[in-house]
Structure formats: C-alpha cells, structure tokens
file query.txt (compact mmCIF, N, CA and C atoms)
# COMPACT_ATOMS: atom_id res chain seq x y z
N MET A 1 -46.80 -57.82 -30.10
CA MET A 1 -46.74 -56.85 -31.18
C MET A 1 -47.06 -57.49 -32.53
N ASP A 2 -48.19 -58.14 -32.64
CA ASP A 2 -48.56 -58.78 -33.90
C ASP A 2 -49.52 -57.90 -34.68
N ASP A 3 -48.98 -56.97 -35.47
CA ASP A 3 -49.86 -56.18 -36.30
C ASP A 3 -49.81 -56.67 -37.75
N LYS A 4 -49.17 -57.81 -37.93
CA LYS A 4 -49.12 -58.39 -39.26
C LYS A 4 -50.33 -59.30 -39.45
N ILE A 5 -50.72 -59.44 -40.71
CA ILE A 5 -51.91 -60.22 -41.03
C ILE A 5 -51.48 -61.52 -41.71
N LYS A 6 -52.11 -62.61 -41.29
CA LYS A 6 -51.81 -63.93 -41.85
C LYS A 6 -52.51 -64.09 -43.20
N PHE A 7 -51.79 -64.68 -44.15
CA PHE A 7 -52.41 -65.00 -45.43
C PHE A 7 -51.90 -66.35 -45.91
N GLU A 8 -52.68 -66.97 -46.78
CA GLU A 8 -52.31 -68.28 -47.31
C GLU A 8 -52.54 -68.28 -48.82
N ILE A 9 -51.59 -68.88 -49.54
CA ILE A 9 -51.72 -68.98 -51.00
C ILE A 9 -51.49 -70.43 -51.41
N GLU A 10 -52.24 -70.87 -52.41
CA GLU A 10 -52.08 -72.23 -52.93
C GLU A 10 -51.45 -72.17 -54.32
N PHE A 11 -50.44 -73.03 -54.51
CA PHE A 11 -49.77 -73.11 -55.81
C PHE A 11 -49.82 -74.54 -56.32
N PRO A 12 -50.64 -74.82 -57.35
CA PRO A 12 -50.62 -76.16 -57.95
C PRO A 12 -49.22 -76.38 -58.54
N ILE A 13 -48.70 -77.58 -58.36
CA ILE A 13 -47.34 -77.85 -58.82
C ILE A 13 -47.24 -79.29 -59.30
N HIS A 14 -46.56 -79.49 -60.42
CA HIS A 14 -46.44 -80.83 -60.98
C HIS A 14 -45.10 -81.44 -60.59
N ALA A 15 -45.09 -82.07 -59.41
CA ALA A 15 -43.88 -82.74 -58.92
C ALA A 15 -44.30 -83.70 -57.82
N SER A 16 -43.47 -84.69 -57.58
CA SER A 16 -43.80 -85.64 -56.52
C SER A 16 -43.57 -84.98 -55.16
N PRO A 17 -44.42 -85.32 -54.18
CA PRO A 17 -44.25 -84.75 -52.84
C PRO A 17 -42.85 -85.01 -52.26
N GLN A 18 -42.29 -86.19 -52.54
CA GLN A 18 -40.97 -86.54 -52.02
C GLN A 18 -39.90 -85.59 -52.57
N LEU A 19 -39.95 -85.31 -53.88
CA LEU A 19 -39.00 -84.40 -54.49
C LEU A 19 -39.21 -82.99 -53.96
N LEU A 20 -40.46 -82.55 -53.90
CA LEU A 20 -40.77 -81.21 -53.40
C LEU A 20 -40.23 -81.00 -52.00
N PHE A 21 -40.37 -82.01 -51.15
CA PHE A 21 -39.94 -81.87 -49.77
C PHE A 21 -38.45 -81.57 -49.68
N GLN A 22 -37.66 -82.16 -50.57
CA GLN A 22 -36.22 -81.88 -50.59
C GLN A 22 -35.96 -80.40 -50.89
N TYR A 23 -36.78 -79.84 -51.77
CA TYR A 23 -36.60 -78.44 -52.16
C TYR A 23 -37.10 -77.44 -51.11
N ILE A 24 -37.99 -77.86 -50.22
CA ILE A 24 -38.49 -76.92 -49.21
C ILE A 24 -37.85 -77.11 -47.85
N SER A 25 -37.11 -78.19 -47.65
CA SER A 25 -36.64 -78.49 -46.29
C SER A 25 -35.13 -78.55 -46.12
N THR A 26 -34.38 -78.55 -47.22
CA THR A 26 -32.92 -78.66 -47.09
C THR A 26 -32.25 -77.37 -47.55
N PRO A 27 -31.11 -77.03 -46.97
CA PRO A 27 -30.40 -75.83 -47.41
C PRO A 27 -30.07 -75.87 -48.91
N SER A 28 -29.64 -77.02 -49.40
CA SER A 28 -29.30 -77.10 -50.83
C SER A 28 -30.55 -76.95 -51.70
N GLY A 29 -31.65 -77.51 -51.27
CA GLY A 29 -32.91 -77.37 -52.02
C GLY A 29 -33.42 -75.95 -52.01
N LEU A 30 -33.41 -75.30 -50.83
CA LEU A 30 -33.88 -73.93 -50.71
C LEU A 30 -33.01 -72.96 -51.50
N SER A 31 -31.71 -73.24 -51.58
CA SER A 31 -30.82 -72.33 -52.30
C SER A 31 -31.00 -72.44 -53.81
N GLU A 32 -31.75 -73.43 -54.27
CA GLU A 32 -32.05 -73.56 -55.70
C GLU A 32 -33.12 -72.56 -56.15
N TRP A 33 -33.97 -72.12 -55.21
CA TRP A 33 -35.10 -71.28 -55.62
C TRP A 33 -35.49 -70.18 -54.63
N PHE A 34 -35.24 -70.38 -53.35
CA PHE A 34 -35.74 -69.43 -52.36
C PHE A 34 -34.79 -68.25 -52.14
N SER A 35 -33.50 -68.53 -52.10
CA SER A 35 -32.51 -67.47 -51.95
C SER A 35 -31.22 -67.90 -52.65
N ASP A 36 -30.27 -66.98 -52.72
CA ASP A 36 -29.03 -67.29 -53.44
C ASP A 36 -28.23 -68.40 -52.78
N ASN A 37 -28.25 -68.41 -51.45
CA ASN A 37 -27.53 -69.44 -50.72
C ASN A 37 -28.22 -69.64 -49.37
N VAL A 38 -28.12 -70.85 -48.83
CA VAL A 38 -28.72 -71.15 -47.53
C VAL A 38 -27.73 -72.00 -46.75
N ASN A 39 -27.48 -71.60 -45.53
CA ASN A 39 -26.65 -72.39 -44.63
C ASN A 39 -27.48 -72.74 -43.42
N SER A 40 -27.20 -73.89 -42.82
CA SER A 40 -27.93 -74.22 -41.60
C SER A 40 -26.96 -74.78 -40.57
N ARG A 41 -27.27 -74.43 -39.35
CA ARG A 41 -26.56 -74.99 -38.21
C ARG A 41 -27.64 -75.42 -37.24
N GLY A 42 -27.92 -76.71 -37.23
CA GLY A 42 -29.03 -77.19 -36.41
C GLY A 42 -30.34 -76.63 -36.92
N GLU A 43 -31.08 -75.97 -36.03
CA GLU A 43 -32.39 -75.43 -36.41
C GLU A 43 -32.30 -73.99 -36.92
N LEU A 44 -31.10 -73.43 -36.97
CA LEU A 44 -30.91 -72.06 -37.44
C LEU A 44 -30.50 -72.05 -38.91
N PHE A 45 -31.31 -71.40 -39.75
CA PHE A 45 -31.04 -71.31 -41.18
C PHE A 45 -30.66 -69.87 -41.52
N THR A 46 -29.62 -69.70 -42.31
CA THR A 46 -29.22 -68.37 -42.79
C THR A 46 -29.50 -68.30 -44.28
N PHE A 47 -30.38 -67.37 -44.66
CA PHE A 47 -30.76 -67.18 -46.05
C PHE A 47 -29.99 -65.97 -46.59
N ILE A 48 -29.31 -66.15 -47.71
CA ILE A 48 -28.46 -65.10 -48.26
C ILE A 48 -28.97 -64.68 -49.64
N TRP A 49 -29.17 -63.36 -49.80
CA TRP A 49 -29.55 -62.76 -51.09
C TRP A 49 -28.53 -61.67 -51.38
N ASP A 50 -27.94 -61.70 -52.57
CA ASP A 50 -26.97 -60.67 -52.96
C ASP A 50 -26.08 -60.28 -51.78
N ASP A 51 -26.31 -59.08 -51.22
CA ASP A 51 -25.45 -58.66 -50.11
C ASP A 51 -26.22 -58.52 -48.80
N SER A 52 -27.33 -59.25 -48.67
CA SER A 52 -28.05 -59.24 -47.40
C SER A 52 -28.30 -60.66 -46.94
N GLU A 53 -28.45 -60.81 -45.64
CA GLU A 53 -28.80 -62.14 -45.13
C GLU A 53 -29.78 -62.02 -43.97
N GLU A 54 -30.63 -63.03 -43.88
CA GLU A 54 -31.64 -63.10 -42.82
C GLU A 54 -31.55 -64.48 -42.19
N GLN A 55 -31.79 -64.53 -40.89
CA GLN A 55 -31.77 -65.82 -40.21
C GLN A 55 -33.18 -66.19 -39.77
N ALA A 56 -33.45 -67.48 -39.85
CA ALA A 56 -34.75 -68.00 -39.42
C ALA A 56 -34.53 -69.28 -38.64
N ARG A 57 -35.41 -69.50 -37.69
CA ARG A 57 -35.36 -70.74 -36.90
C ARG A 57 -36.37 -71.72 -37.48
N LEU A 58 -35.93 -72.96 -37.65
CA LEU A 58 -36.84 -74.01 -38.10
C LEU A 58 -37.70 -74.39 -36.89
N LEU A 59 -38.99 -74.06 -36.95
CA LEU A 59 -39.89 -74.33 -35.83
C LEU A 59 -40.40 -75.77 -35.85
N SER A 60 -40.69 -76.25 -37.05
CA SER A 60 -41.15 -77.64 -37.16
C SER A 60 -40.92 -78.15 -38.57
N LYS A 61 -40.82 -79.45 -38.65
CA LYS A 61 -40.60 -80.10 -39.93
C LYS A 61 -41.25 -81.47 -39.84
N LYS A 62 -42.17 -81.74 -40.76
CA LYS A 62 -42.82 -83.04 -40.79
C LYS A 62 -42.46 -83.68 -42.12
N SER A 63 -41.72 -84.76 -42.05
CA SER A 63 -41.15 -85.37 -43.25
C SER A 63 -42.19 -85.60 -44.34
N GLY A 64 -41.87 -85.10 -45.54
CA GLY A 64 -42.75 -85.29 -46.68
C GLY A 64 -43.96 -84.38 -46.70
N GLU A 65 -44.11 -83.53 -45.66
CA GLU A 65 -45.33 -82.72 -45.57
C GLU A 65 -45.12 -81.22 -45.49
N LYS A 66 -44.32 -80.76 -44.50
CA LYS A 66 -44.24 -79.31 -44.31
C LYS A 66 -43.00 -78.89 -43.54
N VAL A 67 -42.68 -77.60 -43.71
CA VAL A 67 -41.65 -76.95 -42.90
C VAL A 67 -42.22 -75.61 -42.43
N LYS A 68 -41.78 -75.21 -41.24
CA LYS A 68 -42.27 -73.96 -40.66
C LYS A 68 -41.07 -73.21 -40.05
N PHE A 69 -40.91 -71.96 -40.45
CA PHE A 69 -39.79 -71.13 -40.00
C PHE A 69 -40.30 -69.85 -39.35
N ARG A 70 -39.48 -69.30 -38.44
CA ARG A 70 -39.75 -67.95 -37.92
C ARG A 70 -38.48 -67.14 -38.09
N TRP A 71 -38.62 -65.97 -38.72
CA TRP A 71 -37.47 -65.08 -38.86
C TRP A 71 -37.02 -64.66 -37.47
N LEU A 72 -35.71 -64.61 -37.23
CA LEU A 72 -35.19 -64.22 -35.92
C LEU A 72 -35.63 -62.81 -35.54
N GLU A 73 -35.75 -61.95 -36.54
CA GLU A 73 -36.23 -60.58 -36.30
C GLU A 73 -37.62 -60.61 -35.66
N ASP A 74 -38.50 -61.49 -36.15
CA ASP A 74 -39.85 -61.62 -35.56
C ASP A 74 -39.76 -62.21 -34.16
N GLU A 75 -38.84 -63.15 -33.97
CA GLU A 75 -38.66 -63.79 -32.67
C GLU A 75 -38.24 -62.74 -31.64
N GLU A 76 -37.30 -61.87 -32.03
CA GLU A 76 -36.81 -60.83 -31.12
C GLU A 76 -37.91 -59.84 -30.76
N ASP A 77 -38.86 -59.64 -31.67
CA ASP A 77 -39.99 -58.73 -31.42
C ASP A 77 -41.13 -59.43 -30.68
N ASN A 78 -40.88 -60.66 -30.22
CA ASN A 78 -41.91 -61.48 -29.56
C ASN A 78 -43.14 -61.66 -30.44
N SER A 79 -42.91 -61.72 -31.74
CA SER A 79 -44.01 -61.91 -32.68
C SER A 79 -44.27 -63.40 -32.86
N SER A 80 -45.53 -63.74 -33.08
CA SER A 80 -45.85 -65.15 -33.32
C SER A 80 -45.92 -65.44 -34.82
N CYS A 81 -45.44 -64.49 -35.63
CA CYS A 81 -45.45 -64.67 -37.08
C CYS A 81 -44.48 -65.77 -37.50
N TYR A 82 -44.78 -66.41 -38.59
CA TYR A 82 -43.93 -67.47 -39.14
C TYR A 82 -44.24 -67.58 -40.63
N PHE A 83 -43.47 -68.43 -41.31
CA PHE A 83 -43.89 -68.80 -42.66
C PHE A 83 -43.79 -70.31 -42.77
N GLU A 84 -44.78 -70.88 -43.41
CA GLU A 84 -44.88 -72.33 -43.52
C GLU A 84 -45.11 -72.70 -44.98
N ILE A 85 -44.42 -73.75 -45.40
CA ILE A 85 -44.62 -74.28 -46.75
C ILE A 85 -45.07 -75.72 -46.56
N ARG A 86 -46.28 -76.00 -47.02
CA ARG A 86 -46.90 -77.31 -46.81
C ARG A 86 -47.25 -77.96 -48.14
N ILE A 87 -46.96 -79.24 -48.24
CA ILE A 87 -47.31 -80.00 -49.44
C ILE A 87 -48.68 -80.62 -49.23
N GLN A 88 -49.58 -80.36 -50.17
CA GLN A 88 -50.93 -80.89 -50.06
C GLN A 88 -51.22 -81.76 -51.28
N VAL A 89 -51.70 -82.96 -51.04
CA VAL A 89 -52.04 -83.87 -52.14
C VAL A 89 -53.54 -84.16 -52.07
N ASP A 90 -54.22 -83.90 -53.18
CA ASP A 90 -55.66 -84.18 -53.24
C ASP A 90 -55.88 -85.68 -53.21
N ASP A 91 -56.72 -86.14 -52.28
CA ASP A 91 -56.96 -87.58 -52.11
C ASP A 91 -57.52 -88.25 -53.36
N ILE A 92 -58.34 -87.54 -54.10
CA ILE A 92 -59.00 -88.15 -55.25
C ILE A 92 -58.17 -88.01 -56.53
N THR A 93 -57.77 -86.77 -56.84
CA THR A 93 -57.07 -86.54 -58.11
C THR A 93 -55.55 -86.75 -58.01
N LYS A 94 -55.05 -86.78 -56.77
CA LYS A 94 -53.60 -86.88 -56.52
C LYS A 94 -52.85 -85.64 -57.00
N ASP A 95 -53.57 -84.54 -57.29
CA ASP A 95 -52.92 -83.28 -57.65
C ASP A 95 -52.13 -82.77 -56.46
N VAL A 96 -50.96 -82.23 -56.74
CA VAL A 96 -50.08 -81.73 -55.68
C VAL A 96 -50.10 -80.20 -55.69
N SER A 97 -50.20 -79.62 -54.50
CA SER A 97 -50.14 -78.16 -54.35
C SER A 97 -49.18 -77.83 -53.22
N LEU A 98 -48.58 -76.65 -53.33
CA LEU A 98 -47.82 -76.11 -52.21
C LEU A 98 -48.70 -75.05 -51.57
N MET A 99 -48.88 -75.15 -50.27
CA MET A 99 -49.65 -74.17 -49.52
C MET A 99 -48.65 -73.33 -48.74
N VAL A 100 -48.65 -72.03 -48.99
CA VAL A 100 -47.74 -71.12 -48.29
C VAL A 100 -48.55 -70.27 -47.33
N THR A 101 -48.14 -70.29 -46.07
CA THR A 101 -48.74 -69.43 -45.05
C THR A 101 -47.67 -68.44 -44.62
N ASP A 102 -48.02 -67.17 -44.59
CA ASP A 102 -47.05 -66.14 -44.22
C ASP A 102 -47.80 -64.99 -43.56
N PHE A 103 -47.06 -64.02 -43.06
CA PHE A 103 -47.64 -62.85 -42.42
C PHE A 103 -47.03 -61.61 -43.05
N SER A 104 -47.82 -60.55 -43.14
CA SER A 104 -47.33 -59.31 -43.70
C SER A 104 -48.12 -58.13 -43.12
N GLU A 105 -47.51 -56.95 -43.22
CA GLU A 105 -48.24 -55.73 -42.86
C GLU A 105 -49.43 -55.63 -43.82
N GLU A 106 -50.53 -55.06 -43.35
CA GLU A 106 -51.75 -54.98 -44.16
C GLU A 106 -51.50 -54.33 -45.52
N ASP A 107 -50.72 -53.26 -45.56
CA ASP A 107 -50.50 -52.56 -46.82
C ASP A 107 -49.43 -53.21 -47.70
N GLU A 108 -48.87 -54.32 -47.22
CA GLU A 108 -47.83 -55.01 -48.00
C GLU A 108 -48.22 -56.43 -48.41
N ILE A 109 -49.46 -56.81 -48.16
CA ILE A 109 -49.89 -58.19 -48.45
C ILE A 109 -49.79 -58.51 -49.94
N GLU A 110 -50.26 -57.61 -50.80
CA GLU A 110 -50.19 -57.88 -52.25
C GLU A 110 -48.74 -58.03 -52.70
N GLU A 111 -47.87 -57.20 -52.16
CA GLU A 111 -46.45 -57.29 -52.48
C GLU A 111 -45.85 -58.62 -52.01
N ALA A 112 -46.24 -59.03 -50.82
CA ALA A 112 -45.75 -60.31 -50.27
C ALA A 112 -46.24 -61.48 -51.12
N LYS A 113 -47.49 -61.42 -51.56
CA LYS A 113 -48.04 -62.48 -52.41
C LYS A 113 -47.30 -62.53 -53.75
N MET A 114 -46.98 -61.35 -54.30
CA MET A 114 -46.24 -61.31 -55.56
C MET A 114 -44.85 -61.91 -55.39
N LEU A 115 -44.22 -61.63 -54.26
CA LEU A 115 -42.91 -62.20 -53.97
C LEU A 115 -42.99 -63.73 -53.93
N TRP A 116 -44.00 -64.26 -53.23
CA TRP A 116 -44.17 -65.72 -53.19
C TRP A 116 -44.45 -66.28 -54.58
N ASN A 117 -45.27 -65.57 -55.36
CA ASN A 117 -45.53 -66.02 -56.74
C ASN A 117 -44.23 -66.15 -57.52
N ASN A 118 -43.35 -65.15 -57.38
CA ASN A 118 -42.06 -65.20 -58.07
C ASN A 118 -41.19 -66.34 -57.56
N GLN A 119 -41.17 -66.52 -56.24
CA GLN A 119 -40.35 -67.58 -55.65
C GLN A 119 -40.83 -68.96 -56.14
N ILE A 120 -42.13 -69.18 -56.09
CA ILE A 120 -42.67 -70.48 -56.49
C ILE A 120 -42.50 -70.67 -58.00
N SER A 121 -42.56 -69.59 -58.75
CA SER A 121 -42.30 -69.68 -60.19
C SER A 121 -40.86 -70.17 -60.42
N ASP A 122 -39.92 -69.65 -59.63
CA ASP A 122 -38.53 -70.11 -59.72
C ASP A 122 -38.43 -71.59 -59.36
N LEU A 123 -39.15 -72.00 -58.33
CA LEU A 123 -39.15 -73.41 -57.93
C LEU A 123 -39.69 -74.29 -59.05
N LYS A 124 -40.80 -73.88 -59.66
CA LYS A 124 -41.37 -74.66 -60.77
C LYS A 124 -40.39 -74.76 -61.92
N HIS A 125 -39.66 -73.69 -62.18
CA HIS A 125 -38.67 -73.68 -63.24
C HIS A 125 -37.56 -74.70 -62.94
N VAL A 126 -37.08 -74.69 -61.71
CA VAL A 126 -36.02 -75.63 -61.28
C VAL A 126 -36.52 -77.09 -61.41
N LEU A 127 -37.81 -77.29 -61.06
CA LEU A 127 -38.39 -78.64 -61.12
C LEU A 127 -38.75 -79.05 -62.54
N GLY A 128 -38.77 -78.09 -63.47
CA GLY A 128 -39.18 -78.38 -64.83
C GLY A 128 -40.68 -78.56 -64.94
N SER A 129 -41.43 -77.97 -64.01
CA SER A 129 -42.89 -78.14 -64.05
C SER A 129 -43.58 -76.82 -64.38
N VAL A 130 -42.99 -76.04 -65.27
CA VAL A 130 -43.53 -74.73 -65.62
C VAL A 130 -44.76 -74.88 -66.50
call {"tool": "encode", "arguments": {"input": "query.txt", "output": "structure tokens"}}
result
Amino acid sequence: MDDKIKFEIEFPIHASPQLLFQYISTPSGLSEWFSDNVNSRGELFTFIWDDSEEQARLLSKKSGEKVKFRWLEDEEDNSSCYFEIRIQVDDITKDVSLMVTDFSEEDEIEEAKMLWNNQISDLKHVLGSV
C-alpha cells in the first residue's frame, strides 16, 4: 500500500558533521528541534508533541552520517516509507548539508516540505547557524 511519493530536500547548514550527528541521532538532540520530547527504548523512539505522540523504529544509523526511521503506523500498513536524515559534506568546499528523504501523499508534499523547512530552521536556531 505505497501510495506515498518519495521526496528529498537539501538544507545547507553551518555546523560540524560530528555536532550535527548528535542532534539527528540521539533522543536529547532530537528533542531540541524535532519534537517537544523524545524517548527511546532500544530501536523504538517515541516522539512527543504537545498532547500527541508517534512511535518510529530506528531502521539504520551510520555514525557521523545518517539515521533512518520508519513510523510504526507505516510499518503496520506494510508500507516501505521511511524518513532519513543524512549529513553530506562537499569534498571540495567542505560545505555541510542535511539531506532529508521522506514520503508524503501527492497532495501533501508541499505541506510536508514546509514542515521540514520549519523543523530544520529550528535546528539551525539551536545550533546558532541561522
């Protein structure tokens, strides 16, 4: 049941890859910008916003490079959708970017991109790289 469409967005960011990785891969880092609070038990992460919470499974994590999650709701629907946050460093300029891969319904892609823009804006604010 994969009727969602994959999209990818690049966000240039002024921070070291090592610091960024802490913010995208740990519950304490994610709770600084991604949601109000994050708890983890093994590979299961609980993301809390105001009075709602969503659970996601950590599918993969490559130290200093990327994290990949699947919402449990998607897992229950046998969906292959996921969201991945990857740190990319340009070999020549050493510029750092965050690459976000996510899935959304076709008519909600712009909304999903705006949400990521807001989330990454919060991350940049926390990092002081606005």
call {"tool": "atom_distance", "arguments": {"input": "query.txt", "atom1": "CA of Ala112 (chain A)", "atom2": "CA of Asp95 (chain A)"}}
result
25.2 Å
call {"tool": "residues_around", "arguments": {"input": "query.txt", "residues": "Leu98 (chain A)", "least_positions_apart": "4", "cutoff": "12 Å", "atoms": "only C-alpha atoms", "output": "number ranges by chain"}}
result
A: 8-17, 20-21, 23-24, 64-67, 84-90, 116-117, 119-121, 123-124
call {"tool": "closest_residue", "arguments": {"input": "query.txt", "among": "A:Ser97, A:Ser40, A:Ser52, A:Ser80", "to": "Asp3 (chain A)", "atoms": "all atoms listed in the file"}}
result
A:Ser80
call {"tool": "closest_residue", "arguments": {"input": "query.txt", "among": "A:Asp50, A:Gln22, A:Ser104, A:Ser63", "to": "Ser35 (chain A)", "atoms": "only N, CA and C atoms"}}
result
A:Asp50
call {"tool": "closest_residue", "arguments": {"input": "query.txt", "among": "A:Pro27, A:Asp91, A:Met99, A:His125", "to": "Asn39 (chain A)", "atoms": "all atoms listed in the file"}}
result
A:Pro27
call {"tool": "closest_residue", "arguments": {"input": "query.txt", "among": "A:Asp122, A:Glu106, A:Glu54, A:Asp36", "to": "Glu73 (chain A)", "atoms": "all atoms listed in the file"}}
result
A:Glu54
call {"tool": "residues_around", "arguments": {"input": "query.txt", "residues": "Leu72 (chain A)", "least_positions_apart": "5", "cutoff": "7 Å", "atoms": "only C-alpha atoms", "output": "short mmCIF file (atom, residue, chain, number, x, y, z; two decimals) with N, CA and C atoms, in the coordinates of the input"}}
result
data_model
loop_
_atom_site.label_atom_id
_atom_site.label_comp_id
_atom_site.auth_asym_id
_atom_site.auth_seq_id
_atom_site.Cartn_x
_atom_site.Cartn_y
_atom_site.Cartn_z
N GLN A 55 -31.79 -64.53 -40.89
CA GLN A 55 -31.77 -65.82 -40.21
C GLN A 55 -33.18 -66.19 -39.77
N ALA A 56 -33.45 -67.48 -39.85
CA ALA A 56 -34.75 -68.00 -39.42
C ALA A 56 -34.53 -69.28 -38.64
N ARG A 57 -35.41 -69.50 -37.69
CA ARG A 57 -35.36 -70.74 -36.90
C ARG A 57 -36.37 -71.72 -37.48
#
call {"tool": "atom_distance", "arguments": {"input": "query.txt", "atom1": "CA of Leu115 (chain A)", "atom2": "atom C of Glu53 (chain A)"}}
result
16.5 Å
call {"tool": "atom_distance", "arguments": {"input": "query.txt", "atom1": "atom N of Asp74 (chain A)", "atom2": "atom C of Glu32 (chain A)"}}
result
23.5 Å
call {"tool": "closest_residue", "arguments": {"input": "query.txt", "among": "A:Leu58, A:Trp33, A:Val96, A:Gln18", "to": "Phe45 (chain A)", "atoms": "only N, CA and C atoms"}}
result
A:Leu58
call {"tool": "residues_around", "arguments": {"input": "query.txt", "residues": "Phe103 (chain A)", "least_positions_apart": "5", "cutoff": "6 Å", "atoms": "all atoms listed in the file", "output": "list of chain:residue names"}}
result
A:Lys4, A:Ile5, A:Lys6, A:Phe7, A:Tyr82, A:Phe83
call {"tool": "axis_aligned_box", "arguments": {"input": "query.txt", "around": "region 27-33 of chain A", "padding_each_side": "3 Å", "output": "lines of an AutoDock Vina configuration file"}}
result
center_x = -32.4
center_y = -73.8
center_z = -51.6
size_x = 12.2
size_y = 13.3
size_z = 15.2
call {"tool": "select_by_dssp", "arguments": {"input": "query.txt", "residues": "region 19-106 of chain A", "states": "strand (DSSP E)", "output": "JSON, numbers by chain"}}
result
{"A": [37, 38, 39, 40, 41, 44, 45, 46, 47, 48, 49, 52, 53, 54, 55, 56, 57, 58, 59, 60, 61, 62, 66, 67, 68, 69, 70, 71, 83, 84, 85, 86, 87, 88, 89, 96, 97, 98, 99, 100, 101, 102, 103, 104]}
